[in-house]
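Before any comments, here is the structure.
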Amino acid sequence: MTPMRRRPPDRGDPGSSRCTRYRSGVPDRLPSPGPSFLREQKLEAGGRSLRIGMSQPTTTDDEGVVSFVELGPAGGPRPEPPLARLGPSLAGALSGMILEDAGRLCIRLATVTPADDPTRPWRVPAAVRAAFRWEPMRAAAMRPNELAETVLAAFRRSAEALGRP
C-alpha cells in the first residue's frame with residue numbers, strides 16, 4: 001500500500017536469519033515489518049487482536065505476518081482465493097473515492113507473495129499490494145495521510161470480514 005523503498009541486497013549467507021532468499025517456498029509467516037508510517041489499528045480476527053499498518057508488509061502480530069488462513073472463518077477458509085472476498089469488500093468500503101473508468105473501479109490488489117500451491121490460496125502471508133486511481137475531487141480534498149488512514153481503516157474492516165461465514 002506504500003511505495004516500495006529500495007534496500008541494498010543482503011549478502012548474508014543462506015543459513016543466516018538475515019538472508020532474504022527463501023530456500024523452499026514461502027513460509028506461512030514473514031518476519032515482522034518495520035514501523036508503520038501511520039498509526040497502527042487493531043484488527044480482531046478469531047478472538048485475537050492483531051495490529052495493522054502501512055509499511056512492508058501490513059498485517060502483523062508479535063510472531064510476524066499472519067497468513068490469510070488465520071483471518072479466515074473458524075470452520076476453515078472458503079474455496080475461492082482470499083482476494084476474491086477482500087477486493088469487493090475493500091472497493092465497497094472505499095465507494096465514491098475510487099475512480100470509475102468504463103464502468104470498472106480503478107483498484108488492483110495482489111498478495112505480496114504468491115501461493116506455493118494454487119489449490120490452497122489462503123496459505124500466504126496476509127500482506128497485500130494495492131493500487132488505486134482516486135476520484136480527482138476526493139483526492140484533492142483530502143490530505144495524503146488522511147487518504148491513507150481511510151484506506152487502512154477500510155482494509156481493517158475488510159480483513160475482519162474475511163472471518164465471517
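Note on naming: chains are A, B, ... as they come in the C-alpha cells, residues start from 1 per chain, ligands start from 1 in the order shown.
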task: Name all residues at most 12 Å from Ala45 of chain A (count only C-alpha atoms; drop same-chain ones fewer than 6 positions away) and give them as a ChimeraX atom specification.
output: /A:51-52,59-61,66-74,156-164
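Excluding segment 95-101 of chain A itself and same-chain residues fewer than 3 positions from it, the residues having an atom within 8 Å of it are Ala91, Gly92, Arg104, Leu105, Cys106, Ile107, Phe132, Arg133, Trp134, Glu135, Pro136, Arg138 and Ala139 of chain A, counting only C-alpha atoms.
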query: So which one's closest to Arg129 of chain A, A:Leu109, A:Leu50, A:Val151, A:Leu43? Using only C-alpha atoms, please.
result: A:Leu109
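With distances restricted to only C-alpha atoms, A:Ala130 is the closest residue to Ala148 of chain A from A:Ala115, A:Ala102, A:Pro88, A:Ala130.
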task: Enumerate, as number ranges by chain, the complete set of residues in segment 42-93 of chain A that a backbone-based DSSP assignment places in strand (DSSP E).
output: A: 42-45, 48-52, 59-61, 64-65
Requested write-out: N, CA, C and O atoms of the selected residues, as a PDB file, in the first residue's frame:
ATOM      1  N   LYS A  42      -6.108  -1.688  15.358  1.00  0.00           N
ATOM      2  CA  LYS A  42      -6.321  -3.027  15.899  1.00  0.00           C
ATOM      3  C   LYS A  42      -7.305  -3.776  15.021  1.00  0.00           C
ATOM      4  O   LYS A  42      -8.352  -3.255  14.660  1.00  0.00           O
ATOM      5  N   LEU A  43      -6.942  -5.013  14.649  1.00  0.00           N
ATOM      6  CA  LEU A  43      -7.792  -5.877  13.846  1.00  0.00           C
ATOM      7  C   LEU A  43      -8.160  -7.077  14.705  1.00  0.00           C
ATOM      8  O   LEU A  43      -7.282  -7.688  15.304  1.00  0.00           O
ATOM      9  N   GLU A  44      -9.437  -7.374  14.814  1.00  0.00           N
ATOM     10  CA  GLU A  44      -9.907  -8.533  15.589  1.00  0.00           C
ATOM     11  C   GLU A  44     -10.145  -9.691  14.633  1.00  0.00           C
ATOM     12  O   GLU A  44     -10.925  -9.562  13.696  1.00  0.00           O
ATOM     13  N   ALA A  45      -9.465 -10.801  14.859  1.00  0.00           N
ATOM     14  CA  ALA A  45      -9.611 -11.969  13.987  1.00  0.00           C
ATOM     15  C   ALA A  45      -9.536 -13.232  14.819  1.00  0.00           C
ATOM     16  O   ALA A  45      -8.520 -13.493  15.458  1.00  0.00           O
ATOM     17  N   ARG A  48      -8.458 -13.007  18.427  1.00  0.00           N
ATOM     18  CA  ARG A  48      -7.126 -12.444  18.657  1.00  0.00           C
ATOM     19  C   ARG A  48      -7.103 -10.994  18.221  1.00  0.00           C
ATOM     20  O   ARG A  48      -7.832 -10.599  17.331  1.00  0.00           O
ATOM     21  N   SER A  49      -6.252 -10.210  18.842  1.00  0.00           N
ATOM     22  CA  SER A  49      -6.043  -8.829  18.417  1.00  0.00           C
ATOM     23  C   SER A  49      -4.726  -8.757  17.658  1.00  0.00           C
ATOM     24  O   SER A  49      -3.692  -9.152  18.173  1.00  0.00           O
ATOM     25  N   LEU A  50      -4.797  -8.263  16.440  1.00  0.00           N
ATOM     26  CA  LEU A  50      -3.621  -8.076  15.605  1.00  0.00           C
ATOM     27  C   LEU A  50      -3.462  -6.591  15.345  1.00  0.00           C
ATOM     28  O   LEU A  50      -4.394  -5.819  15.508  1.00  0.00           O
ATOM     29  N   ARG A  51      -2.282  -6.188  14.918  1.00  0.00           N
ATOM     30  CA  ARG A  51      -2.028  -4.785  14.568  1.00  0.00           C
ATOM     31  C   ARG A  51      -1.791  -4.704  13.065  1.00  0.00           C
ATOM     32  O   ARG A  51      -1.105  -5.545  12.504  1.00  0.00           O
ATOM     33  N   ILE A  52      -2.368  -3.672  12.440  1.00  0.00           N
ATOM     34  CA  ILE A  52      -2.103  -3.453  11.028  1.00  0.00           C
ATOM     35  C   ILE A  52      -1.633  -2.030  10.830  1.00  0.00           C
ATOM     36  O   ILE A  52      -1.959  -1.126  11.601  1.00  0.00           O
ATOM     37  N   THR A  59      -0.024  -6.644   7.706  1.00  0.00           N
ATOM     38  CA  THR A  59      -0.817  -7.239   8.775  1.00  0.00           C
ATOM     39  C   THR A  59       0.076  -8.100   9.654  1.00  0.00           C
ATOM     40  O   THR A  59       0.670  -9.044   9.168  1.00  0.00           O
ATOM     41  N   THR A  60       0.197  -7.779  10.944  1.00  0.00           N
ATOM     42  CA  THR A  60       1.170  -8.468  11.779  1.00  0.00           C
ATOM     43  C   THR A  60       0.624  -8.843  13.136  1.00  0.00           C
ATOM     44  O   THR A  60      -0.388  -8.345  13.583  1.00  0.00           O
ATOM     45  N   ASP A  61       1.338  -9.732  13.786  1.00  0.00           N
ATOM     46  CA  ASP A  61       1.210  -9.929  15.224  1.00  0.00           C
ATOM     47  C   ASP A  61       2.630 -10.068  15.753  1.00  0.00           C
ATOM     48  O   ASP A  61       3.586  -9.846  15.014  1.00  0.00           O
ATOM     49  N   GLY A  64       5.110 -12.276  13.688  1.00  0.00           N
ATOM     50  CA  GLY A  64       5.345 -11.996  12.279  1.00  0.00           C
ATOM     51  C   GLY A  64       4.042 -11.754  11.556  1.00  0.00           C
ATOM     52  O   GLY A  64       3.018 -11.481  12.160  1.00  0.00           O
ATOM     53  N   VAL A  65       4.083 -11.860  10.242  1.00  0.00           N
ATOM     54  CA  VAL A  65       2.909 -11.607   9.418  1.00  0.00           C
ATOM     55  C   VAL A  65       2.015 -12.845   9.429  1.00  0.00           C
ATOM     56  O   VAL A  65       2.459 -13.942   9.118  1.00  0.00           O
TER      57      VAL A  65
END
- request: Can you pull out every residue within 9 Å of Val112 of chain A, counting only C-alpha atoms, but drop anything in the same chain fewer than 5 positions away, and send it as a VMD selection string?
  value: chain A and resid 57 124 to 129
Would you output that residue set with C-alpha atoms, as a short mmCIF file (atom, residue, chain, number, x, y, z; two decimals), in the first residue's frame?
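Result written to result-v5.cif:
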data_model
loop_
_atom_site.label_atom_id
_atom_site.label_comp_id
_atom_site.auth_asym_id
_atom_site.auth_seq_id
_atom_site.Cartn_x
_atom_site.Cartn_y
_atom_site.Cartn_z
CA PRO A 57 4.16 -5.84 4.83
CA VAL A 124 0.06 -16.94 2.04
CA PRO A 125 1.02 -14.06 4.33
CA ALA A 126 -1.82 -11.57 4.73
CA ALA A 127 0.10 -8.72 3.17
CA VAL A 128 -1.21 -7.06 0.04
CA ARG A 129 -0.05 -4.57 -2.53
#
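With only C-alpha atoms as the atoms that count, the minimum distance from Pro121 of chain A to the choices A:Leu38, A:Ala84, A:Ala140, A:Met54 is reached by A:Ala84.
Residue nearest Arg120 of chain A within the list A:Arg78, A:Arg143, A:Arg108, A:Arg85: A:Arg78 [criterion: smallest interatomic distance, only C-alpha atoms].
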